[in-house]
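A.B. asks: As input, take my_file-v1.cif (mmCIF, C-alpha atoms and all ligand atoms):
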```
data_upload
#
loop_
_atom_site.group_PDB
_atom_site.id
_atom_site.type_symbol
_atom_site.label_atom_id
_atom_site.label_comp_id
_atom_site.auth_asym_id
_atom_site.auth_seq_id
_atom_site.Cartn_x
_atom_site.Cartn_y
_atom_site.Cartn_z
ATOM 1 C CA MET A 1 -61.770 -8.043 24.464
ATOM 2 C CA ALA A 2 -61.385 -8.442 28.173
ATOM 3 C CA PHE A 3 -63.042 -6.013 30.556
ATOM 4 C CA GLU A 4 -60.808 -3.369 32.106
ATOM 5 C CA LEU A 5 -60.889 -1.383 35.320
ATOM 6 C CA PRO A 6 -61.903 2.183 34.401
ATOM 7 C CA GLU A 7 -59.696 4.997 35.689
ATOM 8 C CA LEU A 8 -61.251 7.181 38.359
ATOM 9 C CA PRO A 9 -62.444 10.473 36.799
ATOM 10 C CA TYR A 10 -60.685 12.419 39.628
ATOM 11 C CA ASP A 11 -57.553 12.000 41.692
ATOM 12 C CA TYR A 12 -57.447 9.924 44.847
ATOM 13 C CA GLU A 13 -57.500 12.953 47.143
ATOM 14 C CA ALA A 14 -60.413 14.646 45.360
ATOM 15 C CA LEU A 15 -63.257 13.292 47.493
ATOM 16 C CA SER A 16 -61.524 13.728 50.844
ATOM 17 C CA PRO A 17 -62.548 14.024 53.639
ATOM 18 C CA HIS A 18 -65.924 12.537 52.652
ATOM 19 C CA MET A 19 -64.273 9.579 50.940
ATOM 20 C CA SER A 20 -60.587 9.266 51.691
ATOM 21 C CA SER A 21 -57.727 8.426 49.385
ATOM 22 C CA GLU A 22 -57.206 5.231 51.432
ATOM 23 C CA THR A 23 -60.784 4.160 50.773
ATOM 24 C CA LEU A 24 -60.512 4.938 47.054
ATOM 25 C CA HIS A 25 -57.242 3.015 46.695
ATOM 26 C CA LEU A 26 -58.667 0.000 48.495
ATOM 27 C CA HIS A 27 -62.123 0.160 46.929
ATOM 28 C CA HIS A 28 -61.166 1.007 43.344
ATOM 29 C CA ASP A 29 -57.682 -0.496 42.941
ATOM 30 C CA LYS A 30 -58.342 -3.670 44.947
ATOM 31 C CA HIS A 31 -62.053 -4.492 45.260
ATOM 32 C CA HIS A 32 -63.196 -3.256 41.844
ATOM 33 C CA GLN A 33 -60.084 -4.680 40.154
ATOM 34 C CA THR A 34 -60.829 -8.076 41.704
ATOM 35 C CA TYR A 35 -64.370 -8.088 40.255
ATOM 36 C CA VAL A 36 -62.960 -7.282 36.805
ATOM 37 C CA THR A 37 -60.256 -9.950 37.042
ATOM 38 C CA ASN A 38 -62.707 -12.581 38.309
ATOM 39 C CA LEU A 39 -65.235 -11.703 35.598
ATOM 40 C CA ASN A 40 -62.643 -12.037 32.835
ATOM 41 C CA ASN A 41 -61.457 -15.371 34.206
ATOM 42 C CA LEU A 42 -64.996 -16.739 34.592
ATOM 43 C CA ILE A 43 -66.198 -15.863 31.080
ATOM 44 C CA ALA A 44 -62.998 -16.805 29.234
ATOM 45 C CA GLY A 45 -63.839 -19.453 26.648
ATOM 46 C CA THR A 46 -67.595 -19.372 27.390
ATOM 47 C CA ASP A 47 -70.460 -18.120 25.228
ATOM 48 C CA LEU A 48 -70.463 -14.905 27.289
ATOM 49 C CA GLU A 49 -66.988 -13.851 26.193
ATOM 50 C CA GLY A 50 -67.273 -10.824 23.896
ATOM 51 C CA ARG A 51 -70.824 -9.931 25.005
ATOM 52 C CA SER A 52 -71.575 -6.524 26.514
ATOM 53 C CA LEU A 53 -71.433 -6.109 30.272
ATOM 54 C CA GLU A 54 -75.173 -5.336 30.365
ATOM 55 C CA GLU A 55 -75.946 -8.531 28.436
ATOM 56 C CA ILE A 56 -73.800 -10.564 30.811
ATOM 57 C CA VAL A 57 -75.473 -9.029 33.877
ATOM 58 C CA THR A 58 -79.030 -9.570 32.682
ATOM 59 C CA SER A 59 -78.488 -13.026 31.156
ATOM 60 C CA SER A 60 -76.669 -14.485 34.168
ATOM 61 C CA TYR A 61 -79.198 -13.169 36.725
ATOM 62 C CA LYS A 62 -81.020 -16.012 38.486
ATOM 63 C CA ASP A 63 -78.974 -18.667 36.699
ATOM 64 C CA PRO A 64 -77.511 -20.697 39.584
ATOM 65 C CA ALA A 65 -74.787 -22.037 37.316
ATOM 66 C CA LYS A 66 -73.684 -18.472 36.573
ATOM 67 C CA ALA A 67 -73.912 -16.971 40.070
ATOM 68 C CA GLY A 68 -70.189 -16.175 40.172
ATOM 69 C CA ILE A 69 -70.337 -14.492 36.787
ATOM 70 C CA PHE A 70 -73.403 -12.522 37.815
ATOM 71 C CA ASN A 71 -71.888 -11.280 41.072
ATOM 72 C CA ASN A 72 -68.681 -10.083 39.459
ATOM 73 C CA ALA A 73 -70.323 -8.626 36.343
ATOM 74 C CA GLY A 74 -72.938 -6.830 38.452
ATOM 75 C CA GLN A 75 -70.283 -5.413 40.736
ATOM 76 C CA HIS A 76 -68.163 -4.259 37.773
ATOM 77 C CA TRP A 77 -71.189 -2.478 36.314
ATOM 78 C CA ASN A 78 -72.258 -0.986 39.669
ATOM 79 C CA HIS A 79 -68.839 0.387 40.597
ATOM 80 C CA THR A 80 -68.306 1.884 37.154
ATOM 81 C CA LEU A 81 -71.513 3.932 37.640
ATOM 82 C CA PHE A 82 -70.604 4.729 41.263
ATOM 83 C CA TRP A 83 -67.241 6.334 40.358
ATOM 84 C CA ARG A 84 -68.613 8.461 37.560
ATOM 85 C CA THR A 85 -71.541 9.878 39.542
ATOM 86 C CA MET A 86 -69.364 11.427 42.262
ATOM 87 C CA LYS A 87 -67.136 14.496 42.069
ATOM 88 C CA LYS A 88 -65.126 16.872 44.213
ATOM 89 C CA GLY A 89 -67.518 19.441 45.641
ATOM 90 C CA GLY A 90 -70.589 17.378 44.760
ATOM 91 C CA GLY A 91 -73.947 17.341 46.489
ATOM 92 C CA GLY A 92 -76.318 20.245 46.170
ATOM 93 C CA LYS A 93 -79.413 19.792 44.057
ATOM 94 C CA PRO A 94 -80.181 18.526 40.582
ATOM 95 C CA GLY A 95 -81.664 20.897 38.026
ATOM 96 C CA GLY A 96 -83.728 20.792 34.851
ATOM 97 C CA GLU A 97 -85.614 17.699 33.785
ATOM 98 C CA LEU A 98 -84.094 15.559 36.544
ATOM 99 C CA ALA A 99 -85.327 17.966 39.252
ATOM 100 C CA ARG A 100 -88.815 17.912 37.694
ATOM 101 C CA LYS A 101 -88.879 14.120 37.591
ATOM 102 C CA ILE A 102 -87.729 13.920 41.221
ATOM 103 C CA ASP A 103 -90.522 16.281 42.287
ATOM 104 C CA ASP A 104 -93.040 14.235 40.269
ATOM 105 C CA ALA A 105 -91.992 10.944 41.812
ATOM 106 C CA PHE A 106 -91.204 11.908 45.411
ATOM 107 C CA GLY A 107 -92.932 15.252 46.025
ATOM 108 C CA SER A 108 -89.687 17.169 46.621
ATOM 109 C CA PHE A 109 -85.928 16.769 46.547
ATOM 110 C CA ASP A 110 -85.853 16.570 50.353
ATOM 111 C CA GLN A 111 -88.390 13.745 50.299
ATOM 112 C CA PHE A 112 -86.290 11.947 47.695
ATOM 113 C CA LYS A 113 -83.234 12.283 49.967
ATOM 114 C CA GLU A 114 -85.123 10.788 52.908
ATOM 115 C CA LYS A 115 -86.285 7.858 50.794
ATOM 116 C CA PHE A 116 -82.825 7.234 49.370
ATOM 117 C CA LYS A 117 -81.230 7.419 52.842
ATOM 118 C CA GLU A 118 -83.794 5.011 54.239
ATOM 119 C CA ALA A 119 -83.154 2.508 51.433
ATOM 120 C CA ALA A 120 -79.368 2.763 51.912
ATOM 121 C CA VAL A 121 -79.490 2.455 55.691
ATOM 122 C CA THR A 122 -82.006 -0.411 55.773
ATOM 123 C CA GLN A 123 -80.349 -2.617 53.146
ATOM 124 C CA PHE A 124 -79.459 -5.518 55.448
ATOM 125 C CA GLY A 125 -75.843 -6.516 54.943
ATOM 126 C CA SER A 126 -74.037 -5.866 51.658
ATOM 127 C CA GLY A 127 -75.723 -4.218 48.716
ATOM 128 C CA TRP A 128 -76.715 -0.982 47.061
ATOM 129 C CA ALA A 129 -79.390 1.717 47.131
ATOM 130 C CA TRP A 130 -80.482 3.248 43.844
ATOM 131 C CA LEU A 131 -82.233 6.001 42.011
ATOM 132 C CA ALA A 132 -83.518 4.280 38.876
ATOM 133 C CA LEU A 133 -85.677 5.110 35.904
ATOM 134 C CA ASP A 134 -88.600 2.701 35.497
ATOM 135 C CA GLY A 135 -90.150 3.544 32.158
ATOM 136 C CA ASP A 136 -90.702 7.271 32.511
ATOM 137 C CA ARG A 137 -90.796 7.362 36.310
ATOM 138 C CA LEU A 138 -88.046 7.582 38.920
ATOM 139 C CA LYS A 139 -87.879 5.043 41.727
ATOM 140 C CA VAL A 140 -85.754 4.487 44.810
ATOM 141 C CA MET A 141 -84.850 0.880 45.515
ATOM 142 C CA LYS A 142 -82.295 -1.284 47.285
ATOM 143 C CA THR A 143 -80.651 -4.501 46.145
ATOM 144 C CA PRO A 144 -78.487 -7.139 47.851
ATOM 145 C CA ASN A 145 -74.868 -7.897 46.929
ATOM 146 C CA GLY A 146 -74.131 -7.214 43.232
ATOM 147 C CA GLU A 147 -77.730 -7.018 42.048
ATOM 148 C CA ASN A 148 -78.930 -3.798 40.385
ATOM 149 C CA PRO A 149 -82.016 -2.266 38.711
ATOM 150 C CA LEU A 150 -80.931 -3.492 35.240
ATOM 151 C CA VAL A 151 -82.100 -7.003 36.104
ATOM 152 C CA HIS A 152 -85.533 -5.590 36.981
ATOM 153 C CA GLY A 153 -85.822 -3.873 33.589
ATOM 154 C CA MET A 154 -84.948 -0.419 34.945
ATOM 155 C CA SER A 155 -82.112 2.003 34.244
ATOM 156 C CA PRO A 156 -79.898 2.771 37.258
ATOM 157 C CA LEU A 157 -79.047 6.488 37.396
ATOM 158 C CA LEU A 158 -77.316 6.705 40.787
ATOM 159 C CA GLY A 159 -76.201 4.005 43.183
ATOM 160 C CA ILE A 160 -74.546 4.065 46.578
ATOM 161 C CA ASP A 161 -72.398 1.128 47.583
ATOM 162 C CA VAL A 162 -73.313 0.119 51.142
ATOM 163 C CA TRP A 163 -70.901 -2.818 51.418
ATOM 164 C CA GLU A 164 -68.738 -2.210 54.480
ATOM 165 C CA HIS A 165 -65.613 -1.871 52.294
ATOM 166 C CA ALA A 166 -67.148 1.349 50.910
ATOM 167 C CA TYR A 167 -67.252 3.185 54.225
ATOM 168 C CA TYR A 168 -65.638 1.337 57.098
ATOM 169 C CA LEU A 169 -62.255 3.115 56.960
ATOM 170 C CA ASP A 170 -63.884 6.565 56.939
ATOM 171 C CA TYR A 171 -67.051 6.025 58.979
ATOM 172 C CA GLN A 172 -66.543 2.696 60.799
ATOM 173 C CA ASN A 173 -70.008 1.311 61.515
ATOM 174 C CA LYS A 174 -71.839 4.606 60.970
ATOM 175 C CA ARG A 175 -73.475 3.893 57.626
ATOM 176 C CA PRO A 176 -76.024 6.733 58.024
ATOM 177 C CA ASP A 177 -73.165 9.288 58.233
ATOM 178 C CA TYR A 178 -71.645 7.890 55.035
ATOM 179 C CA VAL A 179 -74.975 8.056 53.196
ATOM 180 C CA GLN A 180 -75.509 11.616 54.390
ATOM 181 C CA ALA A 181 -72.014 12.665 53.229
ATOM 182 C CA PHE A 182 -72.595 10.981 49.851
ATOM 183 C CA LEU A 183 -75.785 12.965 49.250
ATOM 184 C CA ASN A 184 -74.531 16.264 50.667
ATOM 185 C CA ASN A 185 -70.962 16.318 49.361
ATOM 186 C CA LEU A 186 -70.268 13.722 46.667
ATOM 187 C CA VAL A 187 -73.111 13.182 44.184
ATOM 188 C CA ASP A 188 -72.490 14.728 40.757
ATOM 189 C CA TRP A 189 -76.064 15.556 39.706
ATOM 190 C CA ASP A 190 -74.960 16.598 36.210
ATOM 191 C CA ALA A 191 -73.546 13.098 35.753
ATOM 192 C CA VAL A 192 -76.805 11.591 37.066
ATOM 193 C CA GLU A 193 -78.793 13.695 34.587
ATOM 194 C CA ALA A 194 -76.466 12.472 31.814
ATOM 195 C CA GLU A 195 -77.339 8.886 32.798
ATOM 196 C CA MET A 196 -81.022 9.773 32.545
ATOM 197 C CA THR A 197 -80.519 11.276 29.078
ATOM 198 C CA LYS A 198 -78.662 8.136 27.957
ATOM 199 C CA ALA A 199 -81.427 5.891 29.323
ATOM 200 C CA ALA A 200 -84.310 7.780 27.686
HETATM 201 MN MN MN3 A 301 -67.767 -1.774 46.496
#
```
Can you dump the structure from the file as structure tokens?

C.D. replies:
Amino acid sequence: MAFELPELPYDYEALSPHMSSETLHLHHDKHHQTYVTNLNNLIAGTDLEGRSLEEIVTSSYKDPAKAGIFNNAGQHWNHTLFWRTMKKGGGGKPGGELARKIDDAFGSFDQFKEKFKEAAVTQFGSGWAWLALDGDRLKVMKTPNGENPLVHGMSPLLGIDVWEHAYYLDYQNKRPDYVQAFLNNLVDWDAVEAEMTKAA
């Protein structure tokens, strides 16, 4: 079965003003849809057709002959996580086991935020910054283009898209303001904890 663009779990106005309806229409309906369409076209009739998205991402990584498949599969996976880990009225702090793991790995939630911001702001050009589970320990990392922690054997729990299409309409060139708004107003920490539970 072909891959499909997932519906947003909120309406297009829900994340405004931190992420506008215009950005969501462009980013979800156009950019993400294009990755899904390209992926389906590229795997049609190949041995990857019918495999899971995770299998396609990890098996096409570093295969020069499958670079197009990898980029589109990675971006489909990354955006699907991105949409479901934001909500209206997000931000705040995580609780429970996730809060404990963040304290263990980074010292405090504030120190985690600084590390995550730094990764997102210093990713040169297009890419992503991540909170990922590496074995039993949380890590912050950044990746170029469509790459993600899955290909490094880790479980991505939260990712911020720092391609310009993610923020240029709302923040122009001010990526740090976008990252700050994402952390303070958009992240759904319950959804991030659910990712951690799934990964464990
Ligand atoms: Mn994007």

A.B. asks: If you count only C-alpha atoms and all ligand atoms, which residues end up within 7 Å of ligand MN3 301 (chain A), as JSON, numbers by chain?

C.D. replies: {"A": [27, 31, 32, 79, 161, 163, 165, 166]}

A.B. asks: Excluding Leu131 of chain A and its own-chain neighbours fewer than 2 positions away, which residues fall within 12 Å of it when counting all atoms listed in the file? Please give them as a VMD selection string.

C.D. replies: chain A and resid 81 to 82 85 98 101 to 102 105 to 106 112 to 113 115 to 117 119 to 120 128 to 129 133 to 134 137 to 143 148 to 150 154 to 160 183 187 189 192 to 193 195 to 196

A.B. asks: Specify as a ChimeraX atom specification each residue included when the PyMOL selection byres (((chain A and resi 56) around 12) and not hetatm) is applied to this file.

C.D. replies: /A:3,39-40,42-43,46-55,57-63,66-77,150-151

A.B. asks: Would you mind reading off the distance between atom CA of Pro144 of chain A and atom CA of Gly125 of chain A, one decimal, in Å?

C.D. replies: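 Atom CA of Gly125 of chain A lies at a distance of 7.6 Å from atom CA of Pro144 of chain A.
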
A.B. asks: Using all atoms listed in the file, collect all residues at a distance of at most 10 Å from (-63.0, 3.2, 44.5) as written in the file, then present them as a list in words.

C.D. replies: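 Result, sorted by chain then residue number: Glu7, Leu8, Tyr12, Met19, Ser20, Ser21, Glu22, Thr23, Leu24, His25, Leu26, His27, His28, Asp29, Lys30, His31, His32, Gln33, His79, Thr80, Phe82, Trp83, His165 and Ala166 of chain A.
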
A.B. asks: Write the residues of the selection above to a file with C-alpha atoms, as an mmCIF file, in the coordinates of the input.

C.D. replies:
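The resulting out.cif:
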```
data_model
loop_
_atom_site.group_PDB
_atom_site.id
_atom_site.type_symbol
_atom_site.label_atom_id
_atom_site.label_comp_id
_atom_site.auth_asym_id
_atom_site.auth_seq_id
_atom_site.Cartn_x
_atom_site.Cartn_y
_atom_site.Cartn_z
ATOM 1 C CA GLU A 7 -59.696 4.997 35.689
ATOM 2 C CA LEU A 8 -61.251 7.181 38.359
ATOM 3 C CA TYR A 12 -57.447 9.924 44.847
ATOM 4 C CA MET A 19 -64.273 9.579 50.940
ATOM 5 C CA SER A 20 -60.587 9.266 51.691
ATOM 6 C CA SER A 21 -57.727 8.426 49.385
ATOM 7 C CA GLU A 22 -57.206 5.231 51.432
ATOM 8 C CA THR A 23 -60.784 4.160 50.773
ATOM 9 C CA LEU A 24 -60.512 4.938 47.054
ATOM 10 C CA HIS A 25 -57.242 3.015 46.695
ATOM 11 C CA LEU A 26 -58.667 0.000 48.495
ATOM 12 C CA HIS A 27 -62.123 0.160 46.929
ATOM 13 C CA HIS A 28 -61.166 1.007 43.344
ATOM 14 C CA ASP A 29 -57.682 -0.496 42.941
ATOM 15 C CA LYS A 30 -58.342 -3.670 44.947
ATOM 16 C CA HIS A 31 -62.053 -4.492 45.260
ATOM 17 C CA HIS A 32 -63.196 -3.256 41.844
ATOM 18 C CA GLN A 33 -60.084 -4.680 40.154
ATOM 19 C CA HIS A 79 -68.839 0.387 40.597
ATOM 20 C CA THR A 80 -68.306 1.884 37.154
ATOM 21 C CA PHE A 82 -70.604 4.729 41.263
ATOM 22 C CA TRP A 83 -67.241 6.334 40.358
ATOM 23 C CA HIS A 165 -65.613 -1.871 52.294
ATOM 24 C CA ALA A 166 -67.148 1.349 50.910
#
```

A.B. asks: Produce the centre coordinates and the three edge lengths, each in Å to one decimal, of the box along x, y and z that contains all listed atoms of segment 13-23 of chain A with 4 Å added on each side, as JSON.

C.D. replies:
```
{"center_x": -61.6, "center_y": 9.4, "center_z": 49.5, "size_x": 16.7, "size_y": 18.5, "size_z": 16.3}
```

A.B. asks: What is the distance, in Å and to one decimal place, between atom CA of Pro176 of chain A and atom CA of His152 of chain A?

C.D. replies: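 Computing it gives 26.2 Å between the two atoms.
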
A.B. asks: Apply the PyMOL selection byres (((chain A and resi 86) around 9) and not hetatm) to the file shown and report the selected residues as a list of chain:residue names.

C.D. replies: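 With the PyMOL selection byres (((chain A and resi 86) around 9) and not hetatm) on this model, the match is A:Pro9, A:Leu15, A:Phe82, A:Trp83, A:Arg84, A:Thr85, A:Lys87, A:Lys88, A:Gly89, A:Gly90, A:Gly91, A:Phe182, A:Asn185, A:Leu186, A:Val187, A:Asp188, A:Trp189, A:Ala191.
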
A.B. asks: What's the separation between atom CA of Val121 of chain A and atom CA of Gly92 of chain A, in Å to one decimal place?

C.D. replies: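 Answer for the atom CA of Val121 of chain A to atom CA of Gly92 of chain A separation: 20.4 Å.
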
A.B. asks: Rebuild segment 49-69 of chain A to N, CA, C and O atoms - output it as a compact mmCIF listing (two decimals), keeping the file's coordinate frame, please.

C.D. replies:
```txt
# COMPACT_ATOMS: atom_id res chain seq x y z
N GLU A 49 -68.17 -14.64 26.55
CA GLU A 49 -66.99 -13.85 26.19
C GLU A 49 -67.31 -13.01 24.96
O GLU A 49 -67.87 -13.52 23.99
N GLY A 50 -67.01 -11.71 25.03
CA GLY A 50 -67.27 -10.82 23.90
C GLY A 50 -68.64 -10.16 23.95
O GLY A 50 -68.93 -9.27 23.16
N ARG A 51 -69.52 -10.59 24.87
CA ARG A 51 -70.82 -9.93 25.00
C ARG A 51 -70.66 -8.67 25.83
O ARG A 51 -69.69 -8.49 26.56
N SER A 52 -71.66 -7.77 25.75
CA SER A 52 -71.58 -6.52 26.51
C SER A 52 -71.78 -6.82 28.00
O SER A 52 -72.38 -7.84 28.37
N LEU A 53 -71.30 -5.91 28.83
CA LEU A 53 -71.43 -6.11 30.27
C LEU A 53 -72.91 -6.18 30.66
O LEU A 53 -73.31 -7.01 31.48
N GLU A 54 -73.74 -5.33 30.06
CA GLU A 54 -75.17 -5.34 30.36
C GLU A 54 -75.80 -6.68 30.00
O GLU A 54 -76.62 -7.22 30.75
N GLU A 55 -75.41 -7.22 28.86
CA GLU A 55 -75.95 -8.53 28.44
C GLU A 55 -75.52 -9.63 29.42
O GLU A 55 -76.32 -10.52 29.74
N ILE A 56 -74.29 -9.55 29.87
CA ILE A 56 -73.80 -10.56 30.81
C ILE A 56 -74.56 -10.46 32.13
O ILE A 56 -74.99 -11.47 32.70
N VAL A 57 -74.76 -9.22 32.61
CA VAL A 57 -75.47 -9.03 33.88
C VAL A 57 -76.90 -9.58 33.77
O VAL A 57 -77.34 -10.37 34.63
N THR A 58 -77.62 -9.18 32.74
CA THR A 58 -79.03 -9.57 32.68
C THR A 58 -79.20 -11.05 32.35
O THR A 58 -80.12 -11.70 32.85
N SER A 59 -78.30 -11.61 31.54
CA SER A 59 -78.49 -13.03 31.16
C SER A 59 -78.02 -14.00 32.23
O SER A 59 -78.46 -15.15 32.25
N SER A 60 -77.14 -13.56 33.13
CA SER A 60 -76.67 -14.48 34.17
C SER A 60 -77.50 -14.39 35.45
O SER A 60 -77.38 -15.24 36.34
N TYR A 61 -78.37 -13.36 35.52
CA TYR A 61 -79.20 -13.17 36.72
C TYR A 61 -80.11 -14.37 36.92
O TYR A 61 -80.76 -14.83 35.99
N LYS A 62 -80.15 -14.88 38.12
CA LYS A 62 -81.02 -16.01 38.49
C LYS A 62 -80.65 -17.32 37.80
O LYS A 62 -81.45 -18.24 37.76
N ASP A 63 -79.46 -17.40 37.22
CA ASP A 63 -78.97 -18.67 36.70
C ASP A 63 -77.97 -19.20 37.72
O ASP A 63 -76.86 -18.70 37.82
N PRO A 64 -78.39 -20.22 38.50
CA PRO A 64 -77.51 -20.70 39.58
C PRO A 64 -76.13 -21.11 39.08
O PRO A 64 -75.14 -20.96 39.79
N ALA A 65 -76.07 -21.60 37.86
CA ALA A 65 -74.79 -22.04 37.32
C ALA A 65 -73.88 -20.86 37.01
O ALA A 65 -72.67 -21.01 36.83
N LYS A 66 -74.48 -19.66 36.92
CA LYS A 66 -73.68 -18.47 36.57
C LYS A 66 -73.64 -17.45 37.70
O LYS A 66 -73.41 -16.26 37.47
N ALA A 67 -73.86 -17.91 38.94
CA ALA A 67 -73.91 -16.97 40.07
C ALA A 67 -72.61 -16.19 40.22
O ALA A 67 -72.62 -14.98 40.48
N GLY A 68 -71.49 -16.86 40.04
CA GLY A 68 -70.19 -16.18 40.17
C GLY A 68 -70.02 -15.12 39.10
O GLY A 68 -69.54 -14.01 39.36
N ILE A 69 -70.42 -15.46 37.89
CA ILE A 69 -70.34 -14.49 36.79
C ILE A 69 -71.25 -13.31 37.09
O ILE A 69 -70.85 -12.14 36.95
```
